[in-house]
>>> print(open('start_37.cif').read())   # mmCIF, C-alpha atoms
data_query
loop_
_atom_site.group_PDB
_atom_site.id
_atom_site.type_symbol
_atom_site.label_atom_id
_atom_site.label_comp_id
_atom_site.auth_asym_id
_atom_site.auth_seq_id
_atom_site.Cartn_x
_atom_site.Cartn_y
_atom_site.Cartn_z
ATOM 1 C CA MET L 13 2.928 -5.515 -34.736
ATOM 2 C CA THR L 14 6.194 -3.855 -35.658
ATOM 3 C CA ARG L 15 8.562 -2.776 -32.906
ATOM 4 C CA SER L 16 11.104 -0.049 -33.212
ATOM 5 C CA SER L 17 14.702 -1.237 -33.000
ATOM 6 C CA THR L 18 15.230 1.289 -30.222
ATOM 7 C CA THR L 19 13.402 1.366 -26.931
ATOM 8 C CA GLU L 20 13.214 4.613 -24.994
ATOM 9 C CA ILE L 21 15.224 4.870 -21.791
ATOM 10 C CA TYR L 22 13.412 6.840 -19.106
ATOM 11 C CA ASP L 23 16.090 8.014 -16.666
ATOM 12 C CA LEU L 24 14.666 8.372 -13.162
ATOM 13 C CA ARG L 25 17.966 8.016 -11.324
ATOM 14 C CA GLY L 26 18.269 10.321 -8.344
ATOM 15 C CA LEU L 27 14.549 10.230 -7.544
ATOM 16 C CA LYS L 28 13.291 8.658 -4.326
ATOM 17 C CA CYS L 29 10.118 6.710 -3.603
ATOM 18 C CA PRO L 30 7.364 7.266 -4.663
ATOM 19 C CA LEU L 31 8.514 9.412 -7.613
ATOM 20 C CA PRO L 32 9.893 6.598 -9.836
ATOM 21 C CA VAL L 33 6.530 4.806 -9.818
ATOM 22 C CA LEU L 34 4.495 7.981 -10.196
ATOM 23 C CA LYS L 35 6.575 9.214 -13.134
ATOM 24 C CA THR L 36 6.577 5.757 -14.754
ATOM 25 C CA ARG L 37 2.778 5.598 -14.500
ATOM 26 C CA ARG L 38 2.467 9.020 -16.093
ATOM 27 C CA ARG L 39 4.929 8.208 -18.898
ATOM 28 C CA LEU L 40 3.143 4.948 -19.724
ATOM 29 C CA GLN L 41 -0.107 6.881 -20.240
ATOM 30 C CA ASP L 42 1.466 8.478 -23.331
ATOM 31 C CA LEU L 43 2.458 5.131 -24.873
ATOM 32 C CA ASN L 44 0.417 2.738 -26.988
ATOM 33 C CA SER L 45 -0.455 -0.769 -25.887
ATOM 34 C CA GLY L 46 2.500 -3.041 -26.675
ATOM 35 C CA ASP L 47 5.075 -0.248 -26.502
ATOM 36 C CA ARG L 48 8.110 -0.894 -24.327
ATOM 37 C CA ILE L 49 10.187 1.442 -22.210
ATOM 38 C CA TRP L 50 13.329 1.018 -20.124
ATOM 39 C CA VAL L 51 13.066 2.690 -16.719
ATOM 40 C CA GLU L 52 16.342 3.353 -14.890
ATOM 41 C CA THR L 53 16.296 4.087 -11.170
ATOM 42 C CA SER L 54 18.769 4.513 -8.350
ATOM 43 C CA ASP L 55 16.188 4.167 -5.571
ATOM 44 C CA PRO L 56 16.774 0.801 -3.835
ATOM 45 C CA LEU L 57 13.034 0.451 -3.168
ATOM 46 C CA ALA L 58 12.301 0.431 -6.904
ATOM 47 C CA VAL L 59 13.097 -3.314 -7.056
ATOM 48 C CA ILE L 60 9.949 -3.786 -4.960
ATOM 49 C CA ASP L 61 7.861 -0.849 -6.159
ATOM 50 C CA ILE L 62 8.190 -1.172 -9.956
ATOM 51 C CA PRO L 63 7.286 -4.892 -10.134
ATOM 52 C CA HIS L 64 4.364 -4.265 -7.755
ATOM 53 C CA PHE L 65 3.175 -1.334 -9.882
ATOM 54 C CA CYS L 66 3.346 -3.456 -13.059
ATOM 55 C CA GLU L 67 1.403 -6.288 -11.456
ATOM 56 C CA GLU L 68 -1.318 -3.979 -10.131
ATOM 57 C CA SER L 69 -1.574 -1.991 -13.368
ATOM 58 C CA GLY L 70 -1.517 -4.989 -15.708
ATOM 59 C CA HIS L 71 1.697 -3.992 -17.473
ATOM 60 C CA LEU L 72 4.267 -6.659 -18.311
ATOM 61 C CA LEU L 73 7.632 -6.458 -16.560
ATOM 62 C CA VAL L 74 9.742 -8.019 -19.309
ATOM 63 C CA GLU L 75 13.179 -7.727 -17.732
ATOM 64 C CA THR L 76 14.935 -6.448 -14.627
ATOM 65 C CA ALA L 77 18.666 -5.786 -14.553
ATOM 66 C CA SER L 78 21.179 -4.346 -12.129
ATOM 67 C CA ILE L 79 23.221 -1.441 -13.453
ATOM 68 C CA ALA L 80 26.203 0.371 -11.955
ATOM 69 C CA ASP L 81 24.164 2.917 -10.025
ATOM 70 C CA GLY L 82 20.803 1.198 -9.608
ATOM 71 C CA ASN L 83 18.365 -0.907 -11.560
ATOM 72 C CA ARG L 84 16.811 -1.043 -14.983
ATOM 73 C CA PHE L 85 13.313 -2.308 -15.804
ATOM 74 C CA LEU L 86 11.885 -3.119 -19.233
ATOM 75 C CA ILE L 87 8.138 -2.555 -19.121
ATOM 76 C CA GLU L 88 5.604 -3.335 -21.847
ATOM 77 C CA LYS L 89 2.405 -1.337 -21.696
ATOM 78 C CA LYS L 90 -0.796 -3.358 -21.781
#
>>> encode(input="start_37.cif", output="structure tokens")
Amino acid sequence: MTRSSTTEIYDLRGLKCPLPVLKTRRRLQDLNSGDRIWVETSDPLAVIDIPHFCEESGHLLVETASIADGNRFLIEKK
């Protein structure tokens, strides 16, 4: 499998629960298995909600990072 050198950043900053998870779920539907996407959020509950969503949906949460105005999650679609 060949990966692109760039991974899309899906900017969901400014949205409150449950919108970051709902929009992430919808965006992942358009991706192929194995594709990765960075999701950026400013909602403090996303550090609980996004990992929980990935676990329930079977997607791989590759990385979580704090950024200046929130958090960033690297998700690989399964």
>>> resolve_selection(input="start_37.cif", expression="the PyMOL selection byres ((chain L and resi 86) around 9)", output="PyMOL selection string")
chain L and resi 48-52+72-77+84-85+87-88
>>> closest_residue(input="start_37.cif", among="L:Asn83, L:Arg38, L:Leu24, L:His71", to="Val59 of chain L", atoms="only C-alpha atoms")
L:Asn83
>>> closest_residue(input="start_37.cif", among="L:Tyr22, L:Ile62, L:Glu67, L:Leu57", to="Arg39 of chain L", atoms="only C-alpha atoms")
L:Tyr22
>>> atom_distance(input="start_37.cif", atom1="atom CA of Asp81 of chain L", atom2="atom CA of Gly46 of chain L")
28.0 Å
>>> resolve_selection(input="start_37.cif", expression="the PyMOL selection byres ((chain L and resi 26) around 6)", output="list in words")
Arg25, Leu27 and Ser54 of chain L
>>> atom_distance(input="start_37.cif", atom1="atom CA of Ala80 of chain L", atom2="atom CA of Gln41 of chain L")
28.3 Å
>>> atom_distance(input="start_37.cif", atom1="atom CA of Leu43 of chain L", atom2="atom CA of Lys89 of chain L")
7.2 Å
>>> axis_aligned_box(input="start_37.cif", around="segment 33-38 of chain L", padding_each_side="6 Å", output="JSON")
{"center_x": 4.5, "center_y": 7.0, "center_z": -13.0, "size_x": 16.1, "size_y": 16.4, "size_z": 18.3}
>>> resolve_selection(input="start_37.cif", expression="the PyMOL selection byres ((chain L and resi 33) around 8)", output="PyMOL selection string")
chain L and resi 29-32+34-37+58+61-62+65
>>> decode(input="start_37.cif", residues="segment 17-32 of chain L", atoms="N, CA and C atoms", output="PDB file, in the first residue's frame")
ATOM      1  N   SER L  17       2.317  11.437   0.810  1.00  0.00           N
ATOM      2  CA  SER L  17       3.216  12.105   1.747  1.00  0.00           C
ATOM      3  C   SER L  17       2.476  13.160   2.562  1.00  0.00           C
ATOM      4  N   THR L  18       1.271  13.506   2.135  1.00  0.00           N
ATOM      5  CA  THR L  18       0.483  14.469   2.895  1.00  0.00           C
ATOM      6  C   THR L  18      -0.770  13.783   3.416  1.00  0.00           C
ATOM      7  N   THR L  19      -1.132  14.130   4.613  1.00  0.00           N
ATOM      8  CA  THR L  19      -2.350  13.608   5.221  1.00  0.00           C
ATOM      9  C   THR L  19      -3.277  14.787   5.444  1.00  0.00           C
ATOM     10  N   GLU L  20      -4.505  14.621   5.033  1.00  0.00           N
ATOM     11  CA  GLU L  20      -5.505  15.698   5.149  1.00  0.00           C
ATOM     12  C   GLU L  20      -5.675  16.123   6.604  1.00  0.00           C
ATOM     13  N   ILE L  21      -5.852  17.421   6.802  1.00  0.00           N
ATOM     14  CA  ILE L  21      -6.187  17.956   8.116  1.00  0.00           C
ATOM     15  C   ILE L  21      -7.638  18.401   8.050  1.00  0.00           C
ATOM     16  N   TYR L  22      -8.452  17.816   8.903  1.00  0.00           N
ATOM     17  CA  TYR L  22      -9.875  18.131   8.976  1.00  0.00           C
ATOM     18  C   TYR L  22     -10.065  19.042  10.185  1.00  0.00           C
ATOM     19  N   ASP L  23     -10.282  20.316   9.928  1.00  0.00           N
ATOM     20  CA  ASP L  23     -10.343  21.336  10.980  1.00  0.00           C
ATOM     21  C   ASP L  23     -11.762  21.439  11.535  1.00  0.00           C
ATOM     22  N   LEU L  24     -11.938  20.938  12.758  1.00  0.00           N
ATOM     23  CA  LEU L  24     -13.231  20.993  13.426  1.00  0.00           C
ATOM     24  C   LEU L  24     -13.181  21.889  14.660  1.00  0.00           C
ATOM     25  N   ARG L  25     -12.185  22.765  14.702  1.00  0.00           N
ATOM     26  CA  ARG L  25     -12.069  23.684  15.835  1.00  0.00           C
ATOM     27  C   ARG L  25     -13.273  24.611  15.850  1.00  0.00           C
ATOM     28  N   GLY L  26     -13.745  24.909  17.052  1.00  0.00           N
ATOM     29  CA  GLY L  26     -14.899  25.773  17.216  1.00  0.00           C
ATOM     30  C   GLY L  26     -16.208  25.012  17.357  1.00  0.00           C
ATOM     31  N   LEU L  27     -16.201  23.721  17.023  1.00  0.00           N
ATOM     32  CA  LEU L  27     -17.411  22.915  17.149  1.00  0.00           C
ATOM     33  C   LEU L  27     -17.460  22.244  18.511  1.00  0.00           C
ATOM     34  N   LYS L  28     -18.646  22.137  19.061  1.00  0.00           N
ATOM     35  CA  LYS L  28     -18.846  21.512  20.372  1.00  0.00           C
ATOM     36  C   LYS L  28     -19.477  20.140  20.210  1.00  0.00           C
ATOM     37  N   CYS L  29     -19.292  19.317  21.227  1.00  0.00           N
ATOM     38  CA  CYS L  29     -19.841  17.973  21.300  1.00  0.00           C
ATOM     39  C   CYS L  29     -21.340  18.017  20.986  1.00  0.00           C
ATOM     40  N   PRO L  30     -21.824  17.139  20.153  1.00  0.00           N
ATOM     41  CA  PRO L  30     -21.223  15.957  19.553  1.00  0.00           C
ATOM     42  C   PRO L  30     -20.714  16.166  18.130  1.00  0.00           C
ATOM     43  N   LEU L  31     -20.683  17.405  17.649  1.00  0.00           N
ATOM     44  CA  LEU L  31     -20.349  17.657  16.240  1.00  0.00           C
ATOM     45  C   LEU L  31     -18.987  17.135  15.795  1.00  0.00           C
ATOM     46  N   PRO L  32     -17.899  17.261  16.587  1.00  0.00           N
ATOM     47  CA  PRO L  32     -16.627  16.716  16.104  1.00  0.00           C
ATOM     48  C   PRO L  32     -16.687  15.221  15.765  1.00  0.00           C
TER      49      PRO L  32
END
